[in-house]
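> Provided herewith: target_16.cif, mmCIF, C-alpha atoms and all ligand atoms.
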```cif
data_model
#
loop_
_atom_site.label_atom_id
_atom_site.label_comp_id
_atom_site.auth_asym_id
_atom_site.auth_seq_id
_atom_site.Cartn_x
_atom_site.Cartn_y
_atom_site.Cartn_z
CA MET O 1 -9.71 22.54 -20.21
CA THR O 2 -10.06 22.78 -16.44
CA LYS O 3 -7.44 24.64 -14.46
CA THR O 4 -7.49 25.26 -10.72
CA ALA O 5 -5.02 26.21 -8.02
CA LEU O 6 -4.51 25.05 -4.45
CA ARG O 7 -2.84 27.26 -1.89
CA GLY O 8 -1.14 25.88 1.22
CA ARG O 9 2.12 24.46 2.51
CA LEU O 10 3.46 22.21 -0.23
CA LEU O 11 5.58 19.19 0.63
CA CYS O 12 7.02 16.29 -1.32
CA PHE O 13 10.12 14.10 -1.41
CA ALA O 14 10.92 13.92 -5.12
CA ASP O 15 14.64 14.21 -4.32
CA GLY O 16 14.76 11.52 -1.66
CA PRO O 17 14.16 11.38 2.09
CA ASP O 18 16.93 13.82 2.96
CA ARG O 19 15.87 16.62 0.63
CA PRO O 20 12.26 17.61 1.13
CA THR O 21 10.73 20.04 -1.35
CA TYR O 22 8.91 22.38 1.01
CA ILE O 23 7.19 25.65 0.15
CA GLU O 24 5.55 27.35 3.13
CA ARG O 25 3.28 29.61 1.09
CA GLY O 26 2.90 27.62 -2.07
CA ILE O 27 0.64 27.45 -5.08
CA LEU O 28 -0.09 24.18 -6.87
CA VAL O 29 -1.65 24.54 -10.30
CA ILE O 30 -3.73 21.65 -11.63
CA GLU O 31 -4.68 21.26 -15.27
CA ASN O 32 -6.74 18.40 -16.61
CA GLY O 33 -6.05 16.20 -13.62
CA ARG O 34 -2.30 16.77 -13.59
CA ILE O 35 -0.02 19.15 -11.70
CA SER O 36 1.17 21.75 -14.18
CA ALA O 37 3.16 23.99 -11.82
CA MET O 38 4.18 24.41 -8.21
CA GLY O 39 5.88 27.40 -6.67
CA GLU O 40 5.82 30.42 -4.42
CA ASP O 41 4.86 33.07 -6.92
CA PRO O 42 1.28 34.23 -6.15
CA ALA O 43 0.94 35.10 -9.84
CA LEU O 44 0.70 31.35 -10.55
CA ALA O 45 -2.87 31.57 -9.33
CA ASP O 46 -3.82 34.63 -11.39
CA GLY O 47 -7.20 34.20 -12.96
CA LEU O 48 -7.78 30.77 -11.42
CA VAL O 49 -10.28 29.49 -8.89
CA VAL O 50 -8.16 28.98 -5.74
CA GLU O 51 -8.81 26.48 -2.96
CA ASP O 52 -7.02 27.89 0.06
CA PHE O 53 -5.87 25.30 2.59
CA GLY O 54 -4.15 27.89 4.79
CA GLU O 55 -1.68 26.30 7.21
CA ARG O 56 -2.42 22.77 6.12
CA LEU O 57 0.12 20.60 4.32
CA ILE O 58 -0.58 19.59 0.73
CA MET O 59 1.25 16.37 -0.12
CA PRO O 60 1.08 13.62 -2.70
CA GLY O 61 -1.60 11.06 -1.75
CA PHE O 62 -0.39 8.12 0.32
CA ILE O 63 0.45 4.80 -1.34
CA ASP O 64 -0.35 1.51 0.41
CA THR O 65 1.57 -1.39 -1.14
CA HIS O 66 -0.21 -4.42 0.35
CA LEU O 67 -3.78 -4.92 1.55
CA HIS O 68 -6.87 -7.08 1.06
CA TYR O 69 -10.18 -5.42 0.21
CA PRO O 70 -12.22 -8.57 1.06
CA GLN O 71 -10.94 -8.39 4.64
CA THR O 72 -12.64 -5.19 5.78
CA GLN O 73 -14.84 -7.25 8.10
CA VAL O 74 -12.01 -9.49 9.30
CA ILE O 75 -10.11 -6.68 11.05
CA GLY O 76 -9.87 -7.22 14.78
CA SER O 77 -10.49 -10.99 14.75
CA TYR O 78 -9.36 -12.36 18.08
CA GLY O 79 -6.68 -14.68 19.23
CA ALA O 80 -5.05 -16.47 16.29
CA GLN O 81 -1.76 -16.45 14.46
CA LEU O 82 -1.46 -16.59 10.70
CA LEU O 83 -2.44 -20.11 9.62
CA GLU O 84 -5.28 -20.43 12.11
CA TRP O 85 -6.36 -16.82 11.46
CA LEU O 86 -6.67 -17.62 7.74
CA GLN O 87 -8.74 -20.77 8.33
CA ARG O 88 -10.91 -19.50 11.16
CA TYR O 89 -11.72 -16.01 9.88
CA THR O 90 -10.32 -15.00 6.52
CA PHE O 91 -11.23 -17.99 4.34
CA VAL O 92 -14.75 -17.91 5.79
CA GLU O 93 -15.19 -14.22 5.03
CA GLU O 94 -13.71 -14.37 1.53
CA GLN O 95 -16.36 -16.92 0.47
CA ARG O 96 -18.96 -14.16 0.67
CA PHE O 97 -17.36 -12.58 -2.42
CA ALA O 98 -18.94 -15.24 -4.62
CA ASP O 99 -21.85 -12.76 -4.55
CA PRO O 100 -21.05 -9.85 -6.92
CA ALA O 101 -23.46 -7.57 -5.04
CA HIS O 102 -21.55 -8.14 -1.82
CA ALA O 103 -18.25 -7.48 -3.61
CA ALA O 104 -19.61 -4.23 -5.06
CA ARG O 105 -20.86 -3.05 -1.67
CA VAL O 106 -17.57 -3.80 0.08
CA ALA O 107 -15.59 -2.18 -2.76
CA ARG O 108 -17.57 1.04 -2.25
CA PHE O 109 -16.86 0.98 1.46
CA PHE O 110 -13.19 0.21 0.86
CA PHE O 111 -12.67 3.18 -1.47
CA ASP O 112 -14.52 5.51 0.89
CA GLU O 113 -12.22 4.40 3.67
CA LEU O 114 -8.98 4.65 1.67
CA LEU O 115 -9.84 8.16 0.52
CA ARG O 116 -10.90 9.22 4.01
CA ASN O 117 -7.39 8.22 5.07
CA GLY O 118 -5.62 10.01 2.25
CA THR O 119 -4.59 6.84 0.39
CA THR O 120 -4.93 7.32 -3.36
CA THR O 121 -3.07 4.28 -4.76
CA ALA O 122 -2.87 0.76 -3.35
CA CYS O 123 -1.75 -2.77 -4.21
CA VAL O 124 -4.83 -4.83 -3.45
CA TYR O 125 -5.68 -8.51 -3.20
CA CYS O 126 -9.20 -9.42 -4.30
CA THR O 127 -10.55 -12.97 -3.74
CA SER O 128 -10.33 -15.98 -6.04
CA HIS O 129 -13.68 -14.97 -7.60
CA PRO O 130 -13.15 -13.02 -10.84
CA ALA O 131 -16.27 -10.99 -10.05
CA SER O 132 -14.50 -9.62 -6.96
CA VAL O 133 -11.86 -8.16 -9.27
CA ASP O 134 -14.43 -6.71 -11.65
CA ALA O 135 -16.22 -5.08 -8.71
CA PHE O 136 -12.97 -3.63 -7.41
CA PHE O 137 -11.67 -2.18 -10.65
CA ALA O 138 -15.11 -0.89 -11.66
CA GLU O 139 -15.24 1.06 -8.40
CA SER O 140 -11.70 2.34 -8.92
CA GLU O 141 -12.65 3.53 -12.41
CA ARG O 142 -15.61 5.41 -10.93
CA ARG O 143 -13.33 7.08 -8.37
CA GLY O 144 -10.62 7.90 -10.93
CA THR O 145 -7.92 6.25 -8.79
CA ALA O 146 -4.81 4.39 -9.94
CA MET O 147 -4.95 0.92 -8.39
CA ILE O 148 -2.91 -2.26 -8.69
CA ALA O 149 -4.97 -5.38 -7.97
CA GLY O 150 -5.62 -8.95 -8.95
CA LYS O 151 -7.54 -12.16 -8.46
CA VAL O 152 -6.08 -14.35 -5.75
CA MET O 153 -4.97 -17.68 -7.20
CA MET O 154 -5.23 -20.58 -4.74
CA ASP O 155 -5.71 -24.24 -5.61
CA ARG O 156 -5.17 -26.05 -2.29
CA GLY O 157 -5.19 -25.68 1.47
CA ALA O 158 -8.48 -23.78 1.83
CA PRO O 159 -12.23 -24.48 1.63
CA GLN O 160 -13.29 -25.85 -1.75
CA ALA O 161 -15.45 -22.80 -2.43
CA LEU O 162 -12.35 -20.60 -2.59
CA LEU O 163 -10.20 -22.87 -4.73
CA ASP O 164 -9.50 -22.57 -8.41
CA THR O 165 -7.18 -24.93 -10.29
CA ALA O 166 -3.87 -24.25 -11.98
CA GLU O 167 -5.68 -24.07 -15.34
CA ARG O 168 -8.62 -22.00 -14.12
CA GLY O 169 -6.42 -19.62 -12.15
CA TYR O 170 -4.38 -19.06 -15.29
CA ALA O 171 -7.39 -18.63 -17.58
CA GLU O 172 -9.27 -16.31 -15.21
CA SER O 173 -6.18 -14.20 -14.56
CA SER O 174 -5.46 -13.93 -18.30
CA ALA O 175 -9.02 -12.76 -18.97
CA LEU O 176 -8.86 -10.21 -16.13
CA ILE O 177 -5.53 -8.86 -17.37
CA GLY O 178 -7.10 -8.37 -20.79
CA ARG O 179 -10.09 -6.63 -19.26
CA TRP O 180 -8.36 -4.38 -16.74
CA HIS O 181 -4.62 -3.91 -17.15
CA GLY O 182 -4.11 -0.43 -18.59
CA GLN O 183 -7.83 0.27 -18.58
CA GLY O 184 -7.81 3.93 -17.48
CA ARG O 185 -5.51 4.06 -14.47
CA GLN O 186 -5.94 0.39 -13.51
CA LEU O 187 -2.95 -1.97 -13.34
CA TYR O 188 -3.05 -5.72 -12.84
CA ALA O 189 -1.10 -7.76 -10.28
CA ILE O 190 -0.84 -11.50 -10.85
CA THR O 191 -1.67 -12.72 -7.34
CA PRO O 192 -0.82 -16.24 -6.15
CA ARG O 193 -1.89 -15.98 -2.48
CA PHE O 194 1.22 -17.74 -1.11
CA ALA O 195 3.04 -21.00 -1.74
CA ILE O 196 1.00 -22.89 0.90
CA THR O 197 -2.20 -22.42 -1.11
CA SER O 198 -0.70 -22.90 -4.59
CA THR O 199 0.44 -26.23 -6.00
CA GLU O 200 3.60 -26.42 -8.03
CA ALA O 201 1.42 -26.53 -11.14
CA GLN O 202 -0.18 -23.22 -10.14
CA LEU O 203 3.17 -21.58 -9.37
CA GLU O 204 4.34 -22.77 -12.77
CA ALA O 205 1.25 -21.19 -14.36
CA THR O 206 2.00 -17.97 -12.44
CA GLY O 207 5.48 -17.83 -13.98
CA THR O 208 3.94 -18.35 -17.41
CA LEU O 209 1.50 -15.49 -16.80
CA MET O 210 4.38 -13.22 -15.79
CA ARG O 211 6.35 -14.07 -18.91
CA GLU O 212 3.28 -13.46 -21.06
CA HIS O 213 2.48 -10.16 -19.31
CA PRO O 214 5.80 -8.61 -18.23
CA GLN O 215 4.11 -5.23 -17.80
CA CYS O 216 1.92 -6.62 -14.95
CA TYR O 217 2.88 -6.76 -11.28
CA MET O 218 3.10 -9.90 -9.13
CA GLN O 219 2.15 -9.89 -5.45
CA THR O 220 2.29 -12.62 -2.83
CA HIS O 221 3.23 -13.33 0.80
CA LEU O 222 6.71 -14.37 1.95
CA SER O 223 8.16 -15.43 5.27
CA GLU O 224 5.54 -13.97 7.58
CA ASN O 225 5.18 -16.60 10.27
CA LEU O 226 7.39 -19.42 11.63
CA ARG O 227 4.79 -22.18 11.20
CA GLU O 228 4.17 -20.98 7.67
CA ILE O 229 7.90 -21.35 6.94
CA GLU O 230 7.95 -24.90 8.41
CA THR O 231 4.98 -25.82 6.23
CA ILE O 232 6.72 -24.47 3.14
CA ALA O 233 9.75 -26.65 3.90
CA GLU O 234 7.45 -29.69 4.11
CA LEU O 235 5.50 -28.86 0.94
CA PHE O 236 8.62 -28.03 -1.10
CA PRO O 237 11.28 -30.40 0.26
CA TRP O 238 13.62 -29.56 -2.62
CA SER O 239 13.69 -25.84 -1.71
CA ARG O 240 16.71 -24.20 -0.06
CA ASN O 241 14.48 -21.64 1.65
CA TYR O 242 11.06 -19.94 1.21
CA THR O 243 12.30 -17.36 -1.31
CA ASP O 244 13.76 -20.20 -3.37
CA VAL O 245 10.25 -21.59 -3.96
CA TYR O 246 9.13 -18.41 -5.74
CA ASP O 247 12.51 -18.12 -7.41
CA ARG O 248 12.16 -21.61 -8.91
CA TYR O 249 9.08 -20.42 -10.81
CA ASP O 250 10.65 -17.12 -11.92
CA LEU O 251 8.41 -15.00 -9.71
CA LEU O 252 11.11 -12.61 -8.45
CA GLY O 253 11.68 -9.26 -10.14
CA GLU O 254 11.29 -5.53 -9.93
CA ARG O 255 7.51 -5.68 -10.29
CA SER O 256 7.15 -8.39 -7.64
CA ILE O 257 5.85 -7.27 -4.25
CA PHE O 258 6.43 -9.66 -1.35
CA GLY O 259 4.33 -8.96 1.73
CA HIS O 260 5.97 -9.31 5.17
CA CYS O 261 9.51 -10.73 4.55
CA ILE O 262 10.08 -11.03 8.31
CA HIS O 263 12.07 -14.20 8.95
CA LEU O 264 14.39 -14.15 5.97
CA ARG O 265 17.89 -15.56 5.90
CA GLU O 266 20.76 -13.51 4.59
CA GLU O 267 20.83 -15.48 1.31
CA GLU O 268 17.13 -14.73 0.76
CA ARG O 269 17.65 -11.01 1.25
CA HIS O 270 20.53 -11.21 -1.16
CA ARG O 271 18.40 -12.92 -3.79
CA LEU O 272 15.56 -10.40 -3.37
CA ALA O 273 18.08 -7.58 -3.80
CA GLU O 274 19.68 -9.18 -6.82
CA THR O 275 16.31 -9.43 -8.55
CA ARG O 276 15.15 -5.96 -7.36
CA SER O 277 12.11 -7.61 -5.71
CA ILE O 278 10.13 -5.43 -3.30
CA ALA O 279 9.60 -6.17 0.42
CA ALA O 280 6.41 -4.68 1.89
CA PHE O 281 6.62 -3.86 5.61
CA CYS O 282 3.19 -4.34 7.24
CA PRO O 283 3.72 -3.31 10.86
CA THR O 284 0.17 -3.25 12.27
CA SER O 285 -0.46 -6.71 10.85
CA ASN O 286 2.87 -8.12 12.01
CA LEU O 287 2.14 -6.97 15.55
CA PHE O 288 -1.56 -7.90 15.55
CA ILE O 289 -1.17 -11.45 14.18
CA GLY O 290 2.00 -11.81 16.23
CA SER O 291 4.15 -12.59 13.20
CA GLY O 292 7.40 -10.89 14.18
CA LEU O 293 9.56 -7.81 13.74
CA PHE O 294 10.46 -6.66 10.22
CA ASP O 295 14.21 -6.07 9.95
CA ARG O 296 14.19 -2.96 7.76
CA ALA O 297 17.87 -2.19 8.31
CA ALA O 298 18.97 -5.65 7.16
CA LEU O 299 16.80 -5.47 4.03
CA LEU O 300 18.03 -1.97 3.17
CA ALA O 301 21.65 -2.98 3.83
CA ALA O 302 21.19 -5.91 1.44
CA GLY O 303 19.79 -3.48 -1.15
CA VAL O 304 16.15 -4.64 -1.16
CA PRO O 305 13.57 -1.95 -1.99
CA VAL O 306 11.32 -1.64 1.07
CA THR O 307 7.79 -0.22 1.08
CA LEU O 308 5.19 0.41 3.77
CA ALA O 309 1.73 -1.16 3.80
CA SER O 310 -1.35 -1.59 5.98
CA ASP O 311 -2.18 -5.25 5.17
CA ILE O 312 -5.84 -4.76 6.01
CA GLY O 313 -7.37 -7.00 7.45
CA GLY O 314 -4.45 -8.69 9.26
CA GLY O 315 -3.47 -5.07 9.69
CA THR O 316 -5.62 -2.98 11.96
CA SER O 317 -5.72 0.50 10.44
CA TYR O 318 -6.43 1.97 7.02
CA SER O 319 -4.42 5.00 8.03
CA MET O 320 -0.89 5.17 6.64
CA LEU O 321 -0.14 7.56 9.51
CA ARG O 322 -1.09 4.89 12.06
CA THR O 323 0.87 2.40 9.99
CA ALA O 324 3.91 4.67 10.21
CA ALA O 325 3.50 4.94 13.99
CA GLU O 326 3.62 1.16 14.37
CA ALA O 327 6.52 0.90 11.92
CA TYR O 328 8.49 3.29 14.09
CA LYS O 329 7.77 1.19 17.19
CA VAL O 330 8.72 -2.10 15.48
CA LEU O 331 12.02 -0.51 14.48
CA GLN O 332 12.56 0.98 17.95
CA LEU O 333 12.31 -2.51 19.42
CA GLN O 334 15.27 -3.48 17.23
CA GLY O 335 17.34 -0.34 17.84
CA GLN O 336 16.64 0.95 14.32
CA ASN O 337 15.59 4.46 13.45
CA PHE O 338 12.95 5.84 11.11
CA PRO O 339 13.17 9.65 10.91
CA ALA O 340 10.14 11.72 9.95
CA PHE O 341 11.37 12.62 6.47
CA ALA O 342 12.12 8.96 5.72
CA ILE O 343 8.62 8.04 6.90
CA PHE O 344 6.84 10.55 4.66
CA HIS O 345 9.18 9.80 1.77
CA SER O 346 8.23 6.15 2.13
CA LEU O 347 4.47 6.85 2.21
CA THR O 348 4.70 8.87 -1.02
CA ALA O 349 7.69 9.02 -3.41
CA GLY O 350 9.43 5.98 -1.89
CA ASN O 351 6.49 3.65 -2.41
CA ALA O 352 5.89 5.15 -5.87
CA GLU O 353 9.52 4.62 -6.89
CA ALA O 354 9.50 1.02 -5.70
CA LEU O 355 6.44 0.41 -7.87
CA GLY O 356 8.06 2.13 -10.86
CA LEU O 357 5.35 4.81 -10.83
CA ALA O 358 7.33 7.85 -9.69
CA ASP O 359 6.68 9.74 -12.93
CA GLU O 360 2.93 9.46 -12.36
CA ILE O 361 2.34 9.61 -8.61
CA GLY O 362 4.09 10.17 -5.29
CA THR O 363 5.42 13.70 -5.83
CA LEU O 364 4.17 17.19 -6.64
CA ALA O 365 6.44 17.50 -9.68
CA ALA O 366 4.90 19.13 -12.76
CA GLY O 367 3.46 16.40 -14.95
CA SER O 368 2.41 14.16 -12.05
CA MET O 369 -1.20 13.21 -11.55
CA ALA O 370 -2.87 15.49 -9.00
CA ASP O 371 -3.53 12.74 -6.42
CA LEU O 372 -3.18 14.66 -3.17
CA VAL O 373 -3.76 14.56 0.54
CA VAL O 374 -4.25 17.71 2.61
CA ILE O 375 -3.12 17.25 6.18
CA ASP O 376 -4.06 19.16 9.32
CA SER O 377 -1.39 18.68 11.99
CA ARG O 378 -3.68 20.26 14.60
CA ALA O 379 -6.67 18.05 13.87
CA THR O 380 -7.29 16.92 17.44
CA PRO O 381 -6.96 18.81 20.73
CA ALA O 382 -4.03 16.60 21.73
CA MET O 383 -2.26 17.23 18.42
CA ALA O 384 -2.91 20.99 18.53
CA HIS O 385 -1.57 21.06 22.08
CA ARG O 386 1.54 19.10 21.07
CA MET O 387 2.09 21.35 18.05
CA GLU O 388 2.28 24.40 20.35
CA ALA O 389 5.63 23.00 21.49
CA VAL O 390 7.12 22.97 17.97
CA ARG O 391 9.26 26.06 18.30
CA SER O 392 12.52 25.75 16.36
CA ASP O 393 13.58 28.81 14.34
CA ASP O 394 14.66 26.52 11.51
CA PRO O 395 11.76 25.79 9.13
CA LEU O 396 13.06 22.30 8.24
CA GLU O 397 13.53 21.38 11.89
CA ARG O 398 10.00 22.58 12.58
CA LEU O 399 8.76 20.54 9.64
CA ALA O 400 10.56 17.38 10.79
CA GLU O 401 9.05 17.71 14.25
CA GLU O 402 5.58 18.36 12.86
CA LEU O 403 5.81 15.33 10.58
CA PHE O 404 6.94 13.16 13.44
CA VAL O 405 3.99 14.34 15.55
CA LEU O 406 1.73 13.45 12.61
CA ALA O 407 3.31 10.01 12.26
CA THR O 408 2.91 9.41 15.99
CA MET O 409 -0.51 10.90 16.73
CA GLY O 410 -2.16 11.24 13.32
CA ASP O 411 -4.92 9.18 11.75
CA ASP O 412 -7.95 9.80 9.51
CA ARG O 413 -8.85 12.87 11.57
CA ALA O 414 -5.73 14.61 10.26
CA VAL O 415 -6.88 14.21 6.66
CA ALA O 416 -8.56 17.48 5.72
CA ALA O 417 -9.09 16.59 2.07
CA THR O 418 -8.16 14.04 -0.57
CA TRP O 419 -7.90 14.84 -4.27
CA VAL O 420 -7.88 12.28 -7.05
CA ALA O 421 -6.81 13.23 -10.57
CA GLY O 422 -7.34 16.91 -9.83
CA GLN O 423 -10.81 16.49 -8.34
CA CYS O 424 -11.74 16.80 -4.70
CA ALA O 425 -12.72 13.26 -3.68
CA LEU O 426 -13.27 14.07 -0.05
CA SER O 427 -13.26 17.15 2.10
CA ASN O 428 -13.51 17.02 5.87
CA ASN O 429 -12.82 20.67 6.43
CA PRO O 430 -14.30 23.74 4.84
CA THR O 431 -11.84 25.63 2.66
CA LEU O 432 -11.93 29.21 1.52
CA THR O 433 -12.67 29.32 -2.19
CA GLU O 434 -11.90 32.62 -3.88
N1 LIG O 501 -0.73 -15.16 3.90
C1 LIG O 501 -1.57 -15.72 2.98
N2 LIG O 501 -2.73 -15.07 2.92
C2 LIG O 501 -2.64 -14.05 3.79
C3 LIG O 501 -3.56 -13.02 4.16
O1 LIG O 501 -4.66 -12.89 3.67
N3 LIG O 501 -3.09 -12.13 5.11
C4 LIG O 501 -1.86 -12.25 5.66
N4 LIG O 501 -1.48 -11.35 6.58
N5 LIG O 501 -1.01 -13.21 5.33
C5 LIG O 501 -1.40 -14.11 4.41
ZN ZN O 502 -1.54 -9.83 2.99
#
```
Show how you would write the structure in this file as structure tokens.
Ligand code: GUN
Ligand code: ZN

Amino acid sequence: MTKTALRGRLLCFADGPDRPTYIERGILVIENGRISAMGEDPALADGLVVEDFGERLIMPGFIDTHLHYPQTQVIGSYGAQLLEWLQRYTFVEEQRFADPAHAARVARFFFDELLRNGTTTACVYCTSHPASVDAFFAESERRGTAMIAGKVMMDRGAPQALLDTAERGYAESSALIGRWHGQGRQLYAITPRFAITSTEAQLEATGTLMREHPQCYMQTHLSENLREIETIAELFPWSRNYTDVYDRYDLLGERSIFGHCIHLREEERHRLAETRSIAAFCPTSNLFIGSGLFDRAALLAAGVPVTLASDIGGGTSYSMLRTAAEAYKVLQLQGQNFPAFAIFHSLTAGNAEALGLADEIGTLAAGSMADLVVIDSRATPAMAHRMEAVRSDDPLERLAEELFVLATMGDDRAVAATWVAGQCALSNNPTLTE
């Protein structure tokens, strides 16, 4: 049995965005990969090897609910909106994943980059090649991470080399579910890319897969771009709206994650809420591809669970801190607020709850997996300088200001260490080990 302790400022949002659990001089005890205790009592660390993170914040690892690992070399592709961006850049790049060696190399890079940014769980699109999924999950198993991922199903509207068929998409997804869902910490997401690249036969097969594997997730794109929505209306003339297309095939539900959800009508929000479907807010992508402004307040008012996500490679940063900064700005443009505690709740417990994983990840509660990020709010000269001005006498006010500085100025440089299942996966800063 391995047992270690971390010392530092402990922070999590197990009780919601308004009630942070914050211990300024805390001890976190880790046993066999899980958190076994957290508290103030120095005796918790008696007899244990202690990693001392001093003034740094120890939080649950960040959770990214929508991104594409085959798009690491698509980031920063110039001058196109969604449909052209897919054809000109993304569909070209994804063809390279027919080569398992390429997939394995990119998967290694992708995990390095997630962990460098403090992200320990993510909902990930692979390509239509089953080998891209094998490469991804094999790398995740090596890293010990909990990941949700799946083979993209697409049987029209893209180069032939990327297309499967309704039957093949079904058969390959079934085989991958058998191979990977519940293997270690790996979870499968049935992944029809979006309704433009799936025929009705494929959407039908997707619904069948979901009924056969109700424990799996489903992820797709919804209402990202105006031309996309026009195309959907042409391809599915019987549909009342975009959400209705997925609804027709029984794809809505509490394990269904819809990326973007920007241009929804009130009745679509209502239907997403009714089915407990999840809307993933991808601010850096929405700004970069020029898709539009996510209306978080309207979705929350309708009762839709909302998560935050990077959407690499339409998105431009792996950092969930940078993602939070852009989310704040998108909401500012609409007169909506996003306070610091709500931001960090969303990156951790909020995203975990939406995914139904709050017992496993997203908090520092005893029993949770020890997937952690250690944050240095003074990581850069500009941040250290800004932090000098955090002066309130109230510890929670100081914390809120610090977190907002992190969400505004932070990035990978603020990540001092990342732990996965109780093991240090990455350390940027030396710690004092007793
Ligand atoms: N819609 C369908 N595929 C994609 C994709 O790869 N990225 C984004 N941002 N939107 C999509
Ligand atoms: Zn996406």
> What's the 10 Å shell around O:Asp134, counting only C-alpha atoms, without same-chain residues fewer than 3 positions away, as a ChimeraX atom specification?
/O:100,103-104,126,129-131,137-140,150-151,176,179-180
> Let me see if you get this right: every residue at most 9 Å from ligand ZN 502 (chain O), counting all atoms listed in the file, written as a ChimeraX atom specification.
/O:66-68,124-125,193,220-221,259-260,282,285,310-315
> Take atom CA of O:Phe288 and atom CA of O:Gly79 and report the distance between them in Å, one decimal.
9.3 Å
> Counting all atoms listed in the file, which residue out of O:Phe13, O:Phe281, O:Phe111, O:Phe404 sits closest to ligand LIG 501 (chain O)?
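Of O:Phe13, O:Phe281, O:Phe111, O:Phe404, the one nearest ligand LIG 501 (chain O), counting all atoms listed in the file, is O:Phe281.
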> Would you mind telling me which residue in O:Glu93, O:Glu234, O:Glu274, O:Glu141 lies nearest to ligand LIG 501 (chain O) when using all atoms listed in the file?
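Using all atoms listed in the file, ligand LIG 501 (chain O) sits closest to O:Glu93.
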> Quick one: distance from atom CA of O:His181 to atom CA of O:Phe258 in Å, one decimal?
20.1 Å
> For O:Met383, work out the shell of residues within 10 Å, counting all atoms listed in the file and skipping chain neighbours fewer than 2 positions away, then give it as a ChimeraX atom specification.
/O:376-381,385-388,402,405-406,408-410,414
> With distances taken over only C-alpha atoms and all ligand atoms, which residue among O:Asp155, O:Glu94, O:Asp295, O:Asp52 lies nearest ligand LIG 501 (chain O)?
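Of O:Asp155, O:Glu94, O:Asp295, O:Asp52, the one nearest ligand LIG 501 (chain O) is O:Glu94, counting only C-alpha atoms and all ligand atoms.
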> Just the residues within 8 Å of O:Leu364, please, counting all atoms listed in the file, with nothing from its chain fewer than 3 positions along; format it as a PDB file with C-alpha atoms, in the coordinates of the input.

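Contents of the output file around.pdb:
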```pdb
ATOM      1  CA  LEU O  11       5.580  19.190   0.630  1.00  0.00           C
ATOM      2  CA  CYS O  12       7.020  16.290  -1.320  1.00  0.00           C
ATOM      3  CA  ALA O  14      10.920  13.920  -5.120  1.00  0.00           C
ATOM      4  CA  ILE O  35      -0.020  19.150 -11.700  1.00  0.00           C
ATOM      5  CA  MET O  38       4.180  24.410  -8.210  1.00  0.00           C
ATOM      6  CA  MET O  59       1.250  16.370  -0.120  1.00  0.00           C
ATOM      7  CA  PRO O  60       1.080  13.620  -2.700  1.00  0.00           C
ATOM      8  CA  SER O 368       2.410  14.160 -12.050  1.00  0.00           C
ATOM      9  CA  ALA O 370      -2.870  15.490  -9.000  1.00  0.00           C
TER      10      ALA O 370
END
```
> Up to 9 Å from (-0.7, 13.0, -0.3) in the file's coordinates: name the residues, counting all atoms listed in the file, as a ChimeraX atom specification.
/O:11-12,57-63,118-120,347-348,362-363,371-375,418-419
> Using atom CA of O:Glu397 and atom CA of O:Phe341 as the two end points, give the distance in Å to one decimal.
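Atom CA of O:Glu397 sits 10.5 Å away from atom CA of O:Phe341.
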> I need the residue nearest O:Ala122 from this list: O:Thr65, O:Thr2, O:Asn225, O:Gln334. Use only C-alpha atoms for the distance.
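Closest residue, counting only C-alpha atoms: O:Thr65.
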> Choose the residue, out of O:Arg322, O:Arg248, O:Arg88, O:Arg56, that has the smallest atom-to-atom separation from ligand LIG 501 (chain O); count only C-alpha atoms and all ligand atoms.
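Nearest to ligand LIG 501 (chain O): O:Arg88.
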> Determine the axis-aligned bounding box of all atoms of stretch 217-229 of chain O present in the file, pad each side by 6 Å, and express its centre and edge lengths in Å to one decimal place as JSON.

```
{"center_x": 5.2, "center_y": -14.5, "center_z": 0.2, "size_x": 18.0, "size_y": 27.4, "size_z": 34.9}
```
